[in-house]
Amino acid sequence: MNKQPLTVKKLPKVGYPDIEISQTDHITYLEMKTSAVKVKSGFRYFYYTNSGKIKAVARHLLLDISVSQESKGYWKTEDWALSDLSKLNVHLKNEFNTSKSDLMDVNARINSINIRF
């Protein structure tokens, strides 16, 4: 049994992953989600964009914690599930994002007209 201590680091910025766990040269990335019990929704619950937070080949896990409100300011954990994201079925969407100034860059123009009144 490997008794080397774990190093847990909360990663900056929003987005996947939340936490990096390392033990010697093995790294695990962990995403934590909390949701209300028995809420089924078609809304996007998890997504990944390249924010530069993933720096190594590693295991990727998701910890989902279901809670219910017992009283004001008090939430009770109902259940939890730990999932291996390598088993996740994904839906990919092609898209790109840019600013208006990048879209209107002079170097990209074929032609333009400046109308003055």
# chains A, B, ... in the order shown; residues from 1 in each chain; ligands from 1
$ residues_around --residues "A:Lys53" --least-positions-apart "3" --cutoff "10 Å" --atoms "only C-alpha atoms" --output "PyMOL selection string"
chain A and resi 11-20+29+49-50+56
$ write_last_selection --atoms "N, CA and C atoms" --output "PDB file, in the first residue's frame"
ATOM      1  N   LEU A  11      -8.079  24.579  -7.490  1.00  0.00           N
ATOM      2  CA  LEU A  11      -7.609  25.276  -8.684  1.00  0.00           C
ATOM      3  C   LEU A  11      -8.312  26.623  -8.842  1.00  0.00           C
ATOM      4  N   PRO A  12      -7.578  27.628  -9.317  1.00  0.00           N
ATOM      5  CA  PRO A  12      -8.180  28.962  -9.490  1.00  0.00           C
ATOM      6  C   PRO A  12      -9.128  29.002 -10.683  1.00  0.00           C
ATOM      7  N   LYS A  13      -9.901  30.033 -10.782  1.00  0.00           N
ATOM      8  CA  LYS A  13     -10.843  30.273 -11.879  1.00  0.00           C
ATOM      9  C   LYS A  13     -12.026  29.304 -11.821  1.00  0.00           C
ATOM     10  N   VAL A  14     -13.081  29.708 -12.480  1.00  0.00           N
ATOM     11  CA  VAL A  14     -14.257  28.846 -12.579  1.00  0.00           C
ATOM     12  C   VAL A  14     -14.049  27.836 -13.694  1.00  0.00           C
ATOM     13  N   GLY A  15     -14.853  26.788 -13.694  1.00  0.00           N
ATOM     14  CA  GLY A  15     -14.779  25.783 -14.747  1.00  0.00           C
ATOM     15  C   GLY A  15     -14.041  24.545 -14.308  1.00  0.00           C
ATOM     16  N   TYR A  16     -14.153  23.530 -15.133  1.00  0.00           N
ATOM     17  CA  TYR A  16     -13.580  22.226 -14.840  1.00  0.00           C
ATOM     18  C   TYR A  16     -12.069  22.265 -14.935  1.00  0.00           C
ATOM     19  N   PRO A  17     -11.357  21.598 -14.086  1.00  0.00           N
ATOM     20  CA  PRO A  17     -11.752  20.941 -12.843  1.00  0.00           C
ATOM     21  C   PRO A  17     -11.620  21.883 -11.648  1.00  0.00           C
ATOM     22  N   ASP A  18     -12.208  21.484 -10.516  1.00  0.00           N
ATOM     23  CA  ASP A  18     -12.163  22.291  -9.295  1.00  0.00           C
ATOM     24  C   ASP A  18     -10.912  22.015  -8.468  1.00  0.00           C
ATOM     25  N   ILE A  19     -10.490  20.744  -8.447  1.00  0.00           N
ATOM     26  CA  ILE A  19      -9.444  20.315  -7.518  1.00  0.00           C
ATOM     27  C   ILE A  19      -8.436  19.418  -8.231  1.00  0.00           C
ATOM     28  N   GLU A  20      -7.171  19.560  -7.854  1.00  0.00           N
ATOM     29  CA  GLU A  20      -6.116  18.669  -8.317  1.00  0.00           C
ATOM     30  C   GLU A  20      -5.587  17.906  -7.103  1.00  0.00           C
ATOM     31  N   TYR A  29      -7.802  14.776 -11.313  1.00  0.00           N
ATOM     32  CA  TYR A  29      -8.574  16.012 -11.336  1.00  0.00           C
ATOM     33  C   TYR A  29      -9.989  15.682 -10.882  1.00  0.00           C
ATOM     34  N   THR A  49     -14.265  23.569 -21.056  1.00  0.00           N
ATOM     35  CA  THR A  49     -13.595  24.443 -22.008  1.00  0.00           C
ATOM     36  C   THR A  49     -12.131  24.489 -21.595  1.00  0.00           C
ATOM     37  N   ASN A  50     -11.263  24.644 -22.538  1.00  0.00           N
ATOM     38  CA  ASN A  50      -9.837  24.631 -22.227  1.00  0.00           C
ATOM     39  C   ASN A  50      -9.437  25.926 -21.529  1.00  0.00           C
ATOM     40  N   ALA A  56      -1.607  17.852 -16.867  1.00  0.00           N
ATOM     41  CA  ALA A  56      -0.993  16.524 -16.895  1.00  0.00           C
ATOM     42  C   ALA A  56      -1.983  15.484 -17.401  1.00  0.00           C
TER      43      ALA A  56
END
$ residues_around --residues "A:Trp80" --least-positions-apart "4" --cutoff "10 Å" --atoms "only C-alpha atoms" --output "list of chain:residue names"
A:Lys33, A:Thr34, A:Ser35, A:Leu63, A:Asp64, A:Ile65, A:Ser66, A:Val67
$ write_last_selection --atoms "N, CA and C atoms" --output "compact mmCIF listing (two decimals), in the first residue's frame"
# COMPACT_ATOMS: atom_id res chain seq x y z
N LYS A 33 -19.94 18.74 -7.92
CA LYS A 33 -21.23 19.33 -8.26
C LYS A 33 -22.20 19.05 -7.12
N THR A 34 -23.02 20.03 -6.80
CA THR A 34 -24.06 19.87 -5.79
C THR A 34 -25.39 20.17 -6.46
N SER A 35 -26.38 19.31 -6.23
CA SER A 35 -27.69 19.52 -6.84
C SER A 35 -28.80 19.14 -5.87
N LEU A 63 -17.56 14.24 -8.53
CA LEU A 63 -18.28 13.93 -7.30
C LEU A 63 -19.57 14.74 -7.31
N ASP A 64 -20.70 14.04 -7.39
CA ASP A 64 -22.02 14.68 -7.42
C ASP A 64 -22.69 14.45 -6.07
N ILE A 65 -23.05 15.54 -5.40
CA ILE A 65 -23.66 15.46 -4.08
C ILE A 65 -25.09 15.99 -4.18
N SER A 66 -26.07 15.15 -3.83
CA SER A 66 -27.49 15.54 -3.85
C SER A 66 -27.89 15.98 -2.46
N VAL A 67 -28.52 17.16 -2.38
CA VAL A 67 -28.90 17.72 -1.08
C VAL A 67 -30.38 18.11 -1.08
$ select_by_dssp --residues "chain A" --states "strand (DSSP E)" --output "ChimeraX atom specification"
/A:7-10,19-23,26-36,59-71,74-84
$ residues_around --residues "A:Leu6" --least-positions-apart "2" --cutoff "9 Å" --atoms "only C-alpha atoms" --output "mmCIF file with N, CA and C atoms, in the first residue's frame"
data_model
loop_
_atom_site.group_PDB
_atom_site.id
_atom_site.type_symbol
_atom_site.label_atom_id
_atom_site.label_comp_id
_atom_site.auth_asym_id
_atom_site.auth_seq_id
_atom_site.Cartn_x
_atom_site.Cartn_y
_atom_site.Cartn_z
ATOM 1 N N LYS A 3 1.770 4.695 1.061
ATOM 2 C CA LYS A 3 1.414 5.560 2.183
ATOM 3 C C LYS A 3 1.926 6.979 2.008
ATOM 4 N N GLN A 4 2.246 7.343 0.761
ATOM 5 C CA GLN A 4 2.667 8.702 0.482
ATOM 6 C C GLN A 4 1.486 9.640 0.705
ATOM 7 N N VAL A 8 -3.595 18.145 -2.001
ATOM 8 C CA VAL A 8 -4.862 18.603 -2.569
ATOM 9 C C VAL A 8 -4.746 20.103 -2.816
ATOM 10 N N ILE A 21 -5.597 16.586 -7.192
ATOM 11 C CA ILE A 21 -5.098 15.727 -6.117
ATOM 12 C C ILE A 21 -3.873 14.999 -6.658
ATOM 13 N N SER A 22 -2.775 15.081 -5.936
ATOM 14 C CA SER A 22 -1.582 14.377 -6.406
ATOM 15 C C SER A 22 -0.990 13.518 -5.298
ATOM 16 N N GLN A 23 -0.442 12.402 -5.726
ATOM 17 C CA GLN A 23 0.254 11.481 -4.846
ATOM 18 C C GLN A 23 1.475 11.003 -5.622
ATOM 19 N N THR A 24 2.633 11.409 -5.182
ATOM 20 C CA THR A 24 3.893 11.201 -5.907
ATOM 21 C C THR A 24 3.733 11.705 -7.334
#
$ select_by_dssp --residues "chain A" --states "alpha helix (DSSP H)" --output "list in words"
Lys100, Ser101, Asp102 and Leu103 of chain A
